[in-house]
file coords19.pdb (PDB, C-alpha atoms)
ATOM      1  CA  MET A   6     121.132 -38.407-109.307
ATOM      2  CA  THR A   7     121.287 -39.572-105.772
ATOM      3  CA  ALA A   8     118.841 -42.111-104.507
ATOM      4  CA  PRO A   9     116.167 -40.756-102.206
ATOM      5  CA  ALA A  10     116.822 -41.324 -98.553
ATOM      6  CA  PRO A  11     114.815 -44.195 -97.087
ATOM      7  CA  ALA A  12     111.693 -43.121 -95.281
ATOM      8  CA  SER A  13     111.925 -43.075 -91.520
ATOM      9  CA  PRO A  14     109.771 -45.625 -89.734
ATOM     10  CA  ALA A  15     106.440 -44.176 -88.759
ATOM     11  CA  THR A  16     106.302 -43.237 -85.085
ATOM     12  CA  PRO A  17     103.122 -42.574 -83.175
ATOM     13  CA  PRO A  18     102.570 -38.962 -82.187
ATOM     14  CA  PRO A  19     103.271 -38.174 -78.542
ATOM     15  CA  ALA A  20     100.296 -38.453 -76.230
ATOM     16  CA  ALA A  21      98.514 -35.169 -75.679
ATOM     17  CA  ALA A  22      98.974 -33.640 -72.241
ATOM     18  CA  PRO A  23      95.966 -34.217 -69.998
ATOM     19  CA  ARG A  24      93.614 -31.300 -69.550
ATOM     20  CA  GLU A  25      92.759 -30.425 -65.951
ATOM     21  CA  VAL A  26      89.411 -28.709 -65.467
ATOM     22  CA  GLN A  27      88.212 -27.188 -62.211
ATOM     23  CA  VAL A  28      84.675 -28.398 -61.484
ATOM     24  CA  ARG A  29      82.006 -28.194 -58.793
ATOM     25  CA  PHE A  30      79.247 -30.596 -57.828
ATOM     26  CA  ASP A  31      76.571 -30.870 -55.152
ATOM     27  CA  SER A  32      76.329 -33.412 -52.329
ATOM     28  CA  ASP A  33      73.066 -32.944 -50.436
ATOM     29  CA  GLY A  34      73.443 -29.179 -50.352
ATOM     30  CA  ILE A  35      77.234 -29.181 -49.838
ATOM     31  CA  ASN A  36      79.118 -27.659 -52.758
ATOM     32  CA  LEU A  37      82.289 -29.642 -53.459
ATOM     33  CA  ALA A  38      85.196 -28.517 -55.635
ATOM     34  CA  GLY A  39      87.330 -30.861 -57.661
ATOM     35  CA  THR A  40      89.610 -31.419 -60.609
ATOM     36  CA  LEU A  41      88.624 -33.394 -63.688
ATOM     37  CA  THR A  42      91.735 -34.765 -65.369
ATOM     38  CA  ASP A  43      90.403 -35.144 -68.900
ATOM     39  CA  VAL A  44      91.904 -37.138 -71.765
ATOM     40  CA  ALA A  45      90.888 -37.903 -75.327
ATOM     41  CA  ALA A  46      89.112 -41.263 -75.729
ATOM     42  CA  PRO A  47      89.417 -42.458 -72.110
ATOM     43  CA  VAL A  48      89.231 -46.199 -71.532
ATOM     44  CA  ALA A  49      87.789 -45.549 -68.060
ATOM     45  CA  ALA A  50      86.699 -42.741 -65.747
ATOM     46  CA  VAL A  51      88.093 -43.006 -62.215
ATOM     47  CA  LEU A  52      86.820 -41.401 -59.023
ATOM     48  CA  VAL A  53      89.930 -40.844 -56.863
ATOM     49  CA  VAL A  54      89.225 -40.503 -53.116
ATOM     50  CA  THR A  55      91.740 -39.112 -50.626
ATOM     51  CA  GLY A  56      92.861 -40.495 -47.294
ATOM     52  CA  SER A  57      92.144 -39.282 -43.767
ATOM     53  CA  GLY A  58      92.826 -35.914 -42.190
ATOM     54  CA  LYS A  59      92.497 -32.311 -43.305
ATOM     55  CA  ILE A  60      93.836 -32.901 -46.811
ATOM     56  CA  ASP A  61      92.661 -31.570 -50.151
ATOM     57  CA  ARG A  62      91.955 -33.257 -53.494
ATOM     58  CA  ASP A  63      95.700 -33.781 -54.076
ATOM     59  CA  SER A  64      96.244 -35.365 -50.612
ATOM     60  CA  ASN A  65      97.989 -32.202 -49.424
ATOM     61  CA  ALA A  66      97.715 -30.554 -45.991
ATOM     62  CA  ARG A  67      99.120 -27.214 -44.901
ATOM     63  CA  ALA A  68     102.051 -28.834 -43.152
ATOM     64  CA  ILE A  69     102.856 -31.638 -45.604
ATOM     65  CA  LYS A  70     102.335 -32.140 -49.339
ATOM     66  CA  VAL A  71     101.587 -35.832 -49.761
ATOM     67  CA  GLY A  72     100.310 -35.678 -53.354
ATOM     68  CA  VAL A  73      99.211 -39.322 -53.654
ATOM     69  CA  THR A  74      95.854 -38.736 -55.332
ATOM     70  CA  LYS A  75      97.297 -36.146 -57.713
ATOM     71  CA  ALA A  76     100.040 -38.583 -58.730
ATOM     72  CA  VAL A  77      97.467 -41.321 -59.341
ATOM     73  CA  ALA A  78      95.324 -39.029 -61.496
ATOM     74  CA  ARG A  79      98.306 -37.892 -63.568
ATOM     75  CA  ALA A  80      99.536 -41.463 -64.032
ATOM     76  CA  LEU A  81      96.112 -42.658 -65.160
ATOM     77  CA  ALA A  82      95.985 -39.868 -67.738
ATOM     78  CA  GLN A  83      99.461 -40.530 -69.123
ATOM     79  CA  PRO A  84     100.293 -44.188 -68.531
ATOM     80  CA  GLU A  85     103.476 -45.752 -69.880
ATOM     81  CA  ASN A  86     101.236 -47.465 -72.397
ATOM     82  CA  SER A  87      99.493 -44.355 -73.727
ATOM     83  CA  THR A  88      96.895 -46.430 -75.597
ATOM     84  CA  ALA A  89      94.931 -46.807 -72.338
ATOM     85  CA  PRO A  90      94.555 -43.353 -70.736
ATOM     86  CA  ALA A  91      91.866 -42.847 -68.106
ATOM     87  CA  ALA A  92      90.076 -39.680 -67.060
ATOM     88  CA  SER A  93      89.616 -39.018 -63.339
ATOM     89  CA  LEU A  94      87.905 -36.804 -60.779
ATOM     90  CA  ARG A  95      89.411 -35.933 -57.421
ATOM     91  CA  TYR A  96      87.848 -33.440 -55.001
ATOM     92  CA  ASP A  97      88.351 -31.440 -51.816
ATOM     93  CA  LYS A  98      86.664 -32.749 -48.681
ATOM     94  CA  ARG A  99      83.937 -30.781 -46.957
ATOM     95  CA  GLY A 100      85.389 -27.638 -45.436
ATOM     96  CA  ILE A 101      88.783 -28.184 -47.090
ATOM     97  CA  GLY A 102      90.252 -26.252 -50.021
ATOM     98  CA  ALA A 103      87.510 -24.762 -52.176
ATOM     99  CA  SER A 104      84.683 -27.000 -50.879
ATOM    100  CA  SER A 105      81.941 -25.726 -48.593
ATOM    101  CA  GLY A 106      80.816 -27.456 -45.400
ATOM    102  CA  ASP A 107      82.394 -28.211 -42.022
ATOM    103  CA  TYR A 108      85.200 -30.769 -41.979
ATOM    104  CA  ARG A 109      85.062 -31.367 -38.227
ATOM    105  CA  ARG A 110      81.341 -32.189 -38.230
ATOM    106  CA  ALA A 111      81.446 -34.609 -41.163
ATOM    107  CA  GLY A 112      81.102 -38.294 -40.336
ATOM    108  CA  MET A 113      81.882 -41.334 -42.440
ATOM    109  CA  ALA A 114      78.329 -41.394 -43.819
ATOM    110  CA  ASP A 115      78.827 -37.826 -45.077
ATOM    111  CA  ASN A 116      82.139 -38.735 -46.676
ATOM    112  CA  LEU A 117      80.555 -41.717 -48.408
ATOM    113  CA  ALA A 118      77.706 -39.517 -49.659
ATOM    114  CA  ASP A 119      80.264 -37.079 -51.077
ATOM    115  CA  ALA A 120      82.110 -39.886 -52.867
ATOM    116  CA  ARG A 121      78.822 -41.134 -54.314
ATOM    117  CA  ALA A 122      77.973 -37.608 -55.488
ATOM    118  CA  GLY A 123      81.376 -37.439 -57.199
ATOM    119  CA  LEU A 124      80.672 -40.750 -58.929
ATOM    120  CA  ASP A 125      77.276 -39.427 -60.072
ATOM    121  CA  TRP A 126      78.928 -36.325 -61.513
ATOM    122  CA  LEU A 127      81.604 -38.344 -63.294
ATOM    123  CA  ALA A 128      79.018 -40.718 -64.767
ATOM    124  CA  GLY A 129      77.066 -37.760 -66.120
ATOM    125  CA  ARG A 130      80.164 -36.124 -67.568
ATOM    126  CA  LEU A 131      81.447 -39.269 -69.312
ATOM    127  CA  PRO A 132      78.416 -41.437 -70.107
ATOM    128  CA  GLY A 133      79.148 -44.889 -71.436
ATOM    129  CA  VAL A 134      82.739 -44.939 -70.131
ATOM    130  CA  PRO A 135      83.513 -47.667 -67.536
ATOM    131  CA  LEU A 136      83.490 -46.197 -64.018
ATOM    132  CA  LEU A 137      86.235 -47.149 -61.559
ATOM    133  CA  VAL A 138      86.889 -46.055 -57.967
ATOM    134  CA  ALA A 139      90.359 -45.596 -56.495
ATOM    135  CA  GLY A 140      91.023 -44.750 -52.865
ATOM    136  CA  HIS A 141      94.040 -44.179 -50.670
ATOM    137  CA  SER A 142      93.931 -45.066 -46.955
ATOM    138  CA  GLU A 143      90.541 -43.877 -45.606
ATOM    139  CA  GLY A 144      89.457 -43.369 -49.215
ATOM    140  CA  THR A 145      89.634 -47.140 -49.742
ATOM    141  CA  LEU A 146      86.750 -47.586 -47.284
ATOM    142  CA  TYR A 147      84.460 -45.521 -49.509
ATOM    143  CA  ALA A 148      85.843 -47.053 -52.696
ATOM    144  CA  ALA A 149      85.051 -50.522 -51.330
ATOM    145  CA  GLN A 150      81.527 -49.522 -50.307
ATOM    146  CA  LEU A 151      80.829 -48.051 -53.740
ATOM    147  CA  ALA A 152      82.256 -51.097 -55.506
ATOM    148  CA  ALA A 153      80.092 -53.346 -53.311
ATOM    149  CA  SER A 154      76.835 -51.427 -53.695
ATOM    150  CA  ASP A 155      76.811 -49.446 -56.941
ATOM    151  CA  PRO A 156      76.277 -51.526 -60.103
ATOM    152  CA  ARG A 157      77.859 -48.782 -62.212
ATOM    153  CA  VAL A 158      81.298 -49.412 -60.679
ATOM    154  CA  ALA A 159      83.375 -51.712 -62.897
ATOM    155  CA  GLY A 160      86.512 -51.978 -60.765
ATOM    156  CA  ALA A 161      88.305 -50.710 -57.644
ATOM    157  CA  VAL A 162      91.870 -49.715 -56.741
ATOM    158  CA  LEU A 163      92.645 -49.924 -53.007
ATOM    159  CA  LEU A 164      95.904 -48.232 -51.977
ATOM    160  CA  SER A 165      97.065 -48.795 -48.381
ATOM    161  CA  ALA A 166      93.729 -50.400 -47.510
ATOM    162  CA  PRO A 167      92.720 -52.089 -44.249
ATOM    163  CA  ALA A 168      90.674 -55.273 -43.987
ATOM    164  CA  ARG A 169      89.889 -54.848 -40.282
ATOM    165  CA  SER A 170      88.011 -52.429 -38.042
ATOM    166  CA  GLY A 171      89.248 -48.922 -37.346
ATOM    167  CA  GLU A 172      89.837 -49.759 -33.696
ATOM    168  CA  ARG A 173      92.056 -52.691 -34.699
ATOM    169  CA  ILE A 174      93.911 -50.398 -37.108
ATOM    170  CA  ILE A 175      94.610 -47.942 -34.274
ATOM    171  CA  ASP A 176      95.844 -50.859 -32.125
ATOM    172  CA  TYR A 177      98.205 -51.836 -34.960
ATOM    173  CA  GLN A 178      99.478 -48.258 -35.280
ATOM    174  CA  ILE A 179     100.140 -48.009 -31.541
ATOM    175  CA  GLU A 180     102.032 -51.310 -31.620
ATOM    176  CA  THR A 181     104.181 -50.311 -34.611
ATOM    177  CA  VAL A 182     104.682 -46.556 -34.230
ATOM    178  CA  VAL A 183     105.228 -46.122 -30.467
ATOM    179  CA  PRO A 184     108.365 -48.346 -30.356
ATOM    180  CA  ARG A 185     109.801 -46.250 -33.208
ATOM    181  CA  LEU A 186     109.481 -42.898 -31.448
ATOM    182  CA  PRO A 187     112.731 -40.878 -31.479
ATOM    183  CA  PRO A 188     115.078 -41.637 -28.553
ATOM    184  CA  VAL A 189     114.667 -38.133 -27.135
ATOM    185  CA  VAL A 190     110.881 -38.574 -26.995
ATOM    186  CA  LYS A 191     111.236 -41.942 -25.292
ATOM    187  CA  ALA A 192     113.627 -40.391 -22.747
ATOM    188  CA  ILE A 193     111.206 -37.570 -21.960
ATOM    189  CA  THR A 194     108.234 -39.905 -21.554
ATOM    190  CA  ARG A 195     110.252 -42.108 -19.201
ATOM    191  CA  LEU A 196     111.314 -39.035 -17.229
ATOM    192  CA  ILE A 197     107.753 -37.815 -16.751
ATOM    193  CA  ARG A 198     106.464 -41.400 -16.362
ATOM    194  CA  TYR A 199     104.039 -41.121 -19.263
ATOM    195  CA  ASP A 200     102.974 -44.312 -21.038
ATOM    196  CA  VAL A 201     102.396 -43.261 -24.653
ATOM    197  CA  ALA A 202     100.557 -46.419 -25.689
ATOM    198  CA  ARG A 203      98.258 -46.268 -22.667
ATOM    199  CA  GLY A 204      97.594 -42.585 -23.346
ATOM    200  CA  GLN A 205      96.590 -43.342 -26.920
ATOM    201  CA  HIS A 206      94.245 -46.129 -25.846
ATOM    202  CA  LYS A 207      92.615 -43.765 -23.329
ATOM    203  CA  ARG A 208      92.115 -41.223 -26.131
ATOM    204  CA  VAL A 209      90.358 -43.882 -28.220
ATOM    205  CA  GLU A 210      88.074 -44.803 -25.313
ATOM    206  CA  ARG A 211      87.140 -41.159 -24.809
ATOM    207  CA  LEU A 212      86.289 -40.756 -28.487
ATOM    208  CA  LYS A 213      84.189 -43.936 -28.434
ATOM    209  CA  ALA A 214      82.246 -42.680 -25.404
ATOM    210  CA  SER A 215      81.598 -39.226 -26.899
ATOM    211  CA  THR A 216      78.218 -38.109 -28.200
ATOM    212  CA  GLY A 217      78.890 -34.758 -29.862
ATOM    213  CA  ASP A 218      80.166 -34.063 -33.356
ATOM    214  CA  VAL A 219      83.287 -32.298 -32.028
ATOM    215  CA  ILE A 220      85.090 -32.685 -28.701
ATOM    216  CA  ARG A 221      88.409 -31.542 -27.276
ATOM    217  CA  VAL A 222      91.013 -34.237 -26.779
ATOM    218  CA  GLY A 223      94.362 -33.164 -25.412
ATOM    219  CA  GLY A 224      93.423 -29.536 -26.011
ATOM    220  CA  VAL A 225      92.710 -30.132 -29.718
ATOM    221  CA  ARG A 226      89.260 -30.126 -31.320
ATOM    222  CA  ALA A 227      88.639 -33.580 -32.761
ATOM    223  CA  ASN A 228      85.960 -34.650 -35.260
ATOM    224  CA  ALA A 229      84.456 -37.134 -32.793
ATOM    225  CA  ARG A 230      81.555 -38.114 -35.040
ATOM    226  CA  TRP A 231      84.007 -39.328 -37.697
ATOM    227  CA  TRP A 232      86.131 -41.096 -35.102
ATOM    228  CA  ARG A 233      83.173 -43.049 -33.693
ATOM    229  CA  GLY A 234      82.241 -44.202 -37.178
ATOM    230  CA  PHE A 235      85.799 -45.101 -38.123
ATOM    231  CA  LEU A 236      86.578 -47.018 -34.940
ATOM    232  CA  SER A 237      83.464 -49.182 -35.249
ATOM    233  CA  TYR A 238      83.492 -49.743 -39.012
ATOM    234  CA  ASP A 239      84.855 -53.053 -40.289
ATOM    235  CA  PRO A 240      85.235 -53.128 -44.106
ATOM    236  CA  SER A 241      85.220 -56.929 -44.296
ATOM    237  CA  ALA A 242      81.504 -57.267 -45.049
ATOM    238  CA  ASP A 243      81.655 -54.716 -47.862
ATOM    239  CA  LEU A 244      84.809 -56.253 -49.321
ATOM    240  CA  ALA A 245      83.061 -59.641 -49.374
ATOM    241  CA  ARG A 246      80.266 -58.180 -51.533
ATOM    242  CA  ILE A 247      82.592 -56.948 -54.306
ATOM    243  CA  THR A 248      82.343 -58.946 -57.526
ATOM    244  CA  VAL A 249      84.232 -56.597 -59.880
ATOM    245  CA  PRO A 250      88.029 -56.593 -60.436
ATOM    246  CA  VAL A 251      90.057 -55.267 -57.491
ATOM    247  CA  LEU A 252      93.682 -54.118 -57.307
ATOM    248  CA  ALA A 253      95.179 -53.742 -53.806
ATOM    249  CA  ILE A 254      98.632 -52.267 -53.145
ATOM    250  CA  THR A 255     100.149 -51.691 -49.695
ATOM    251  CA  GLY A 256     103.738 -50.839 -48.882
ATOM    252  CA  GLY A 257     105.781 -53.534 -47.187
ATOM    253  CA  HIS A 258     106.869 -50.958 -44.559
ATOM    254  CA  ASP A 259     103.405 -49.486 -43.987
ATOM    255  CA  LEU A 260     103.077 -48.820 -40.236
ATOM    256  CA  GLN A 261      99.527 -47.454 -40.465
ATOM    257  CA  VAL A 262      97.863 -50.375 -42.248
ATOM    258  CA  PRO A 263      99.096 -53.979 -41.907
ATOM    259  CA  PRO A 264     100.645 -55.180 -45.187
ATOM    260  CA  GLU A 265      99.162 -58.638 -44.564
ATOM    261  CA  ASP A 266      95.699 -57.126 -45.067
ATOM    262  CA  VAL A 267      96.362 -57.343 -48.813
ATOM    263  CA  ASP A 268      96.030 -61.121 -48.545
ATOM    264  CA  ALA A 269      92.922 -60.725 -46.393
ATOM    265  CA  ILE A 270      91.321 -58.518 -49.058
ATOM    266  CA  GLY A 271      92.130 -61.143 -51.676
ATOM    267  CA  ARG A 272      90.362 -63.806 -49.621
ATOM    268  CA  LEU A 273      87.299 -61.603 -49.111
ATOM    269  CA  VAL A 274      86.530 -60.139 -52.543
ATOM    270  CA  ARG A 275      84.666 -62.321 -55.047
ATOM    271  CA  GLY A 276      85.828 -60.662 -58.269
ATOM    272  CA  PRO A 277      89.176 -60.978 -60.080
ATOM    273  CA  PHE A 278      91.857 -59.905 -57.588
ATOM    274  CA  GLU A 279      95.421 -58.656 -57.904
ATOM    275  CA  GLY A 280      97.358 -57.822 -54.747
ATOM    276  CA  HIS A 281     100.845 -56.444 -54.121
ATOM    277  CA  VAL A 282     102.866 -55.831 -50.970
ATOM    278  CA  ALA A 283     105.276 -53.313 -52.410
ATOM    279  CA  GLY A 284     108.835 -53.669 -51.142
ATOM    280  CA  ASP A 285     109.903 -51.045 -48.603
ATOM    281  CA  LEU A 286     107.172 -48.508 -49.390
ATOM    282  CA  SER A 287     105.475 -46.654 -46.564
ATOM    283  CA  HIS A 288     101.813 -45.686 -46.132
ATOM    284  CA  LEU A 289     102.545 -42.705 -48.415
ATOM    285  CA  LEU A 290     103.817 -45.055 -51.143
ATOM    286  CA  ARG A 291     107.389 -43.819 -50.928
ATOM    287  CA  PRO A 292     110.492 -45.775 -49.918
ATOM    288  CA  ASP A 293     110.971 -46.063 -46.134
ATOM    289  CA  ARG A 294     114.025 -48.303 -46.062
ATOM    290  CA  GLU A 295     114.619 -47.935 -42.315
ATOM    291  CA  SER A 296     110.914 -48.434 -41.497
ATOM    292  CA  VAL A 297     110.669 -45.340 -39.297
ATOM    293  CA  GLY A 298     107.028 -44.641 -40.152
ATOM    294  CA  PRO A 299     105.247 -41.295 -39.732
ATOM    295  CA  ARG A 300     108.205 -39.468 -38.200
ATOM    296  CA  GLY A 301     109.943 -39.828 -41.570
ATOM    297  CA  TYR A 302     107.062 -38.570 -43.714
ATOM    298  CA  ARG A 303     108.341 -35.007 -44.127
ATOM    299  CA  ARG A 304     111.561 -36.349 -45.594
ATOM    300  CA  GLU A 305     109.788 -38.982 -47.683
ATOM    301  CA  VAL A 306     107.529 -36.571 -49.526
ATOM    302  CA  ARG A 307     110.547 -34.878 -51.070
ATOM    303  CA  GLN A 308     110.510 -37.915 -53.357
ATOM    304  CA  PRO A 309     107.770 -38.647 -55.886
ATOM    305  CA  VAL A 310     105.166 -41.325 -55.320
ATOM    306  CA  SER A 311     106.691 -44.684 -56.249
ATOM    307  CA  PRO A 312     106.725 -45.082 -60.060
ATOM    308  CA  GLU A 313     106.471 -48.835 -59.576
ATOM    309  CA  ALA A 314     103.208 -48.475 -57.649
ATOM    310  CA  LEU A 315     101.793 -46.122 -60.276
ATOM    311  CA  ASP A 316     102.839 -48.524 -63.048
ATOM    312  CA  LEU A 317     100.967 -51.342 -61.313
ATOM    313  CA  ILE A 318      97.806 -49.214 -61.378
ATOM    314  CA  THR A 319      98.043 -48.181 -65.024
ATOM    315  CA  ALA A 320      98.974 -51.698 -66.177
ATOM    316  CA  TRP A 321      95.965 -53.117 -64.310
ATOM    317  CA  VAL A 322      93.613 -50.579 -65.916
ATOM    318  CA  SER A 323      95.080 -51.338 -69.335
ATOM    319  CA  ARG A 324      94.675 -55.102 -68.925
ATOM    320  CA  HIS A 325      91.040 -54.857 -67.937
ATOM    321  CA  TRP A 326      89.791 -51.895 -69.988
ATOM    322  CA  GLY A 327      92.448 -51.058 -72.566
ATOM    323  CA  PRO A 328      92.345 -51.925 -76.261
ATOM    324  CA  ARG A 329      92.402 -55.632 -77.049
ATOM    325  CA  THR A 330      95.232 -56.787 -79.310
ATOM    326  CA  GLY A 331      95.395 -59.901 -81.418
ATOM    327  CA  GLY A 332      92.476 -62.034 -82.587
TER     328      GLY A 332
END
call {"tool": "encode", "arguments": {"input": "coords19.pdb", "output": "structure tokens"}}
result
Amino acid sequence: MTAPAPASPATPPPAAAPREVQVRFDSDGINLAGTLTDVAAPVAAVLVVTGSGKIDRDSNARAIKVGVTKAVARALAQPENSTAPAASLRYDKRGIGASSGDYRRAGMADNLADARAGLDWLAGRLPGVPLLVAGHSEGTLYAAQLAASDPRVAGAVLLSAPARSGERIIDYQIETVVPRLPPVVKAITRLIRYDVARGQHKRVERLKASTGDVIRVGGVRANARWWRGFLSYDPSADLARITVPVLAITGGHDLQVPPEDVDAIGRLVRGPFEGHVAGDLSHLLRPDRESVGPRGYRREVRQPVSPEALDLITAWVSRHWGPRTGG
């Protein structure tokens, strides 16, 4: 008789694929559409809030598929350490995708109300599970306000987040992006004697002086109500009221938000803080080795969102809310 073969070491079963459920919720009469990324036994439930512009729940616009919030939701559901999966909700803005409402007439107060309504829905769907907020770019402003004011929020992830007013952010963008315009654009502007930086500052002044919800700037309808709120809002006071854990990640080659604002956030928040300036990543959390900024975004998004940035998020969630090992 031959001896029985030794038993193979037990291996854990592979993590189940996350289940994505299309949901709807109300925000003061506006019907918003979103995606619940559901997992078995979540360690946390995360509201994921998109950045600025006419982008949907996945951070996608018609002209460019950014996909940051979708990548974050998928990473949270299937982290490298699968013992700490998190459920999440991401949603379309007013008037975008499957949501009702008018995007151009929505101000920052409306966007904050929508984020709060999403948090309410998530809390009702997953009672007893720690609630976190994660935002990208503009979404970090609402994530910070919720973390500062809502006692249900247990932690916040701030991706490409500013720690200064919107007007100072626009000044930074003009200073960093205008010098990096393509040579042909610079040649044309010199030929027609057009000062791009001055033109952008004049546009900001016109938006600040506006009174309507929507105005035309350069022949394009602009959501002036949002712009007035953004330009005047300084997140510093809200950041200074946060006492829960905060993770902040900004790309080292971000030309839309100053990377040094990560340190400023760390000095402001009063809870446990972890901050990272991530190598050569851009505002879209992809490599931008030559630091060309927005004119390289269409090429950048052919790559996935940085796995390193996503790993930082999932590891942070696991450390704070995952299963405790040892005794």
call {"tool": "residues_near_point", "arguments": {"input": "coords19.pdb", "point": "(99.7, -52.4, -41.4)", "cutoff": "9 Å", "atoms": "only C-alpha atoms", "output": "PDB file with C-alpha atoms, in the coordinates of the input"}}
result
ATOM      1  CA  SER A 165      97.065 -48.795 -48.381  1.00  0.00           C
ATOM      2  CA  ALA A 166      93.729 -50.400 -47.510  1.00  0.00           C
ATOM      3  CA  PRO A 167      92.720 -52.089 -44.249  1.00  0.00           C
ATOM      4  CA  ILE A 174      93.911 -50.398 -37.108  1.00  0.00           C
ATOM      5  CA  TYR A 177      98.205 -51.836 -34.960  1.00  0.00           C
ATOM      6  CA  GLN A 178      99.478 -48.258 -35.280  1.00  0.00           C
ATOM      7  CA  THR A 181     104.181 -50.311 -34.611  1.00  0.00           C
ATOM      8  CA  THR A 255     100.149 -51.691 -49.695  1.00  0.00           C
ATOM      9  CA  GLY A 256     103.738 -50.839 -48.882  1.00  0.00           C
ATOM     10  CA  GLY A 257     105.781 -53.534 -47.187  1.00  0.00           C
ATOM     11  CA  HIS A 258     106.869 -50.958 -44.559  1.00  0.00           C
ATOM     12  CA  ASP A 259     103.405 -49.486 -43.987  1.00  0.00           C
ATOM     13  CA  LEU A 260     103.077 -48.820 -40.236  1.00  0.00           C
ATOM     14  CA  GLN A 261      99.527 -47.454 -40.465  1.00  0.00           C
ATOM     15  CA  VAL A 262      97.863 -50.375 -42.248  1.00  0.00           C
ATOM     16  CA  PRO A 263      99.096 -53.979 -41.907  1.00  0.00           C
ATOM     17  CA  PRO A 264     100.645 -55.180 -45.187  1.00  0.00           C
ATOM     18  CA  GLU A 265      99.162 -58.638 -44.564  1.00  0.00           C
ATOM     19  CA  ASP A 266      95.699 -57.126 -45.067  1.00  0.00           C
ATOM     20  CA  HIS A 288     101.813 -45.686 -46.132  1.00  0.00           C
TER      21      HIS A 288
END
call {"tool": "residues_around", "arguments": {"input": "coords19.pdb", "residues": "A:Gly133", "least_positions_apart": "3", "cutoff": "10 Å", "atoms": "only C-alpha atoms", "output": "PyMOL selection string"}}
result
chain A and resi 49-50+128-130+136
call {"tool": "resolve_selection", "arguments": {"input": "coords19.pdb", "expression": "the PyMOL selection byres ((chain A and resi 74) around 8)", "output": "list in words"}}
result
Val53, Val54, Thr55, Arg62, Asp63, Ser64, Gly72, Val73, Lys75, Ala76, Val77, Ala78, Arg95 and His141 of chain A
call {"tool": "resolve_selection", "arguments": {"input": "coords19.pdb", "expression": "the PyMOL selection byres ((chain A and resi 219) around 9)", "output": "ChimeraX atom specification"}}
result
/A:109-110,215-218,220-221,226-230
call {"tool": "resolve_selection", "arguments": {"input": "coords19.pdb", "expression": "the PyMOL selection byres ((chain A and resi 23) around 10)", "output": "list of chain:residue names"}}
result
A:Ala20, A:Ala21, A:Ala22, A:Arg24, A:Glu25, A:Val26, A:Leu41, A:Thr42, A:Asp43, A:Val44, A:Ala45, A:Ala78, A:Arg79, A:Leu81, A:Ala82, A:Gln83, A:Pro90, A:Ala91, A:Ala92
call {"tool": "residues_around", "arguments": {"input": "coords19.pdb", "residues": "A:Ile175", "least_positions_apart": "6", "cutoff": "12 Å", "atoms": "all atoms listed in the file", "output": "VMD selection string"}}
result
chain A and resid 167 169 181 to 183 202 205 to 210 232 235 to 237 260 to 263
call {"tool": "closest_residue", "arguments": {"input": "coords19.pdb", "among": "A:Gly112, A:Pro312, A:Gly171, A:Gly276", "to": "A:Pro292", "atoms": "all atoms listed in the file"}}
result
A:Pro312
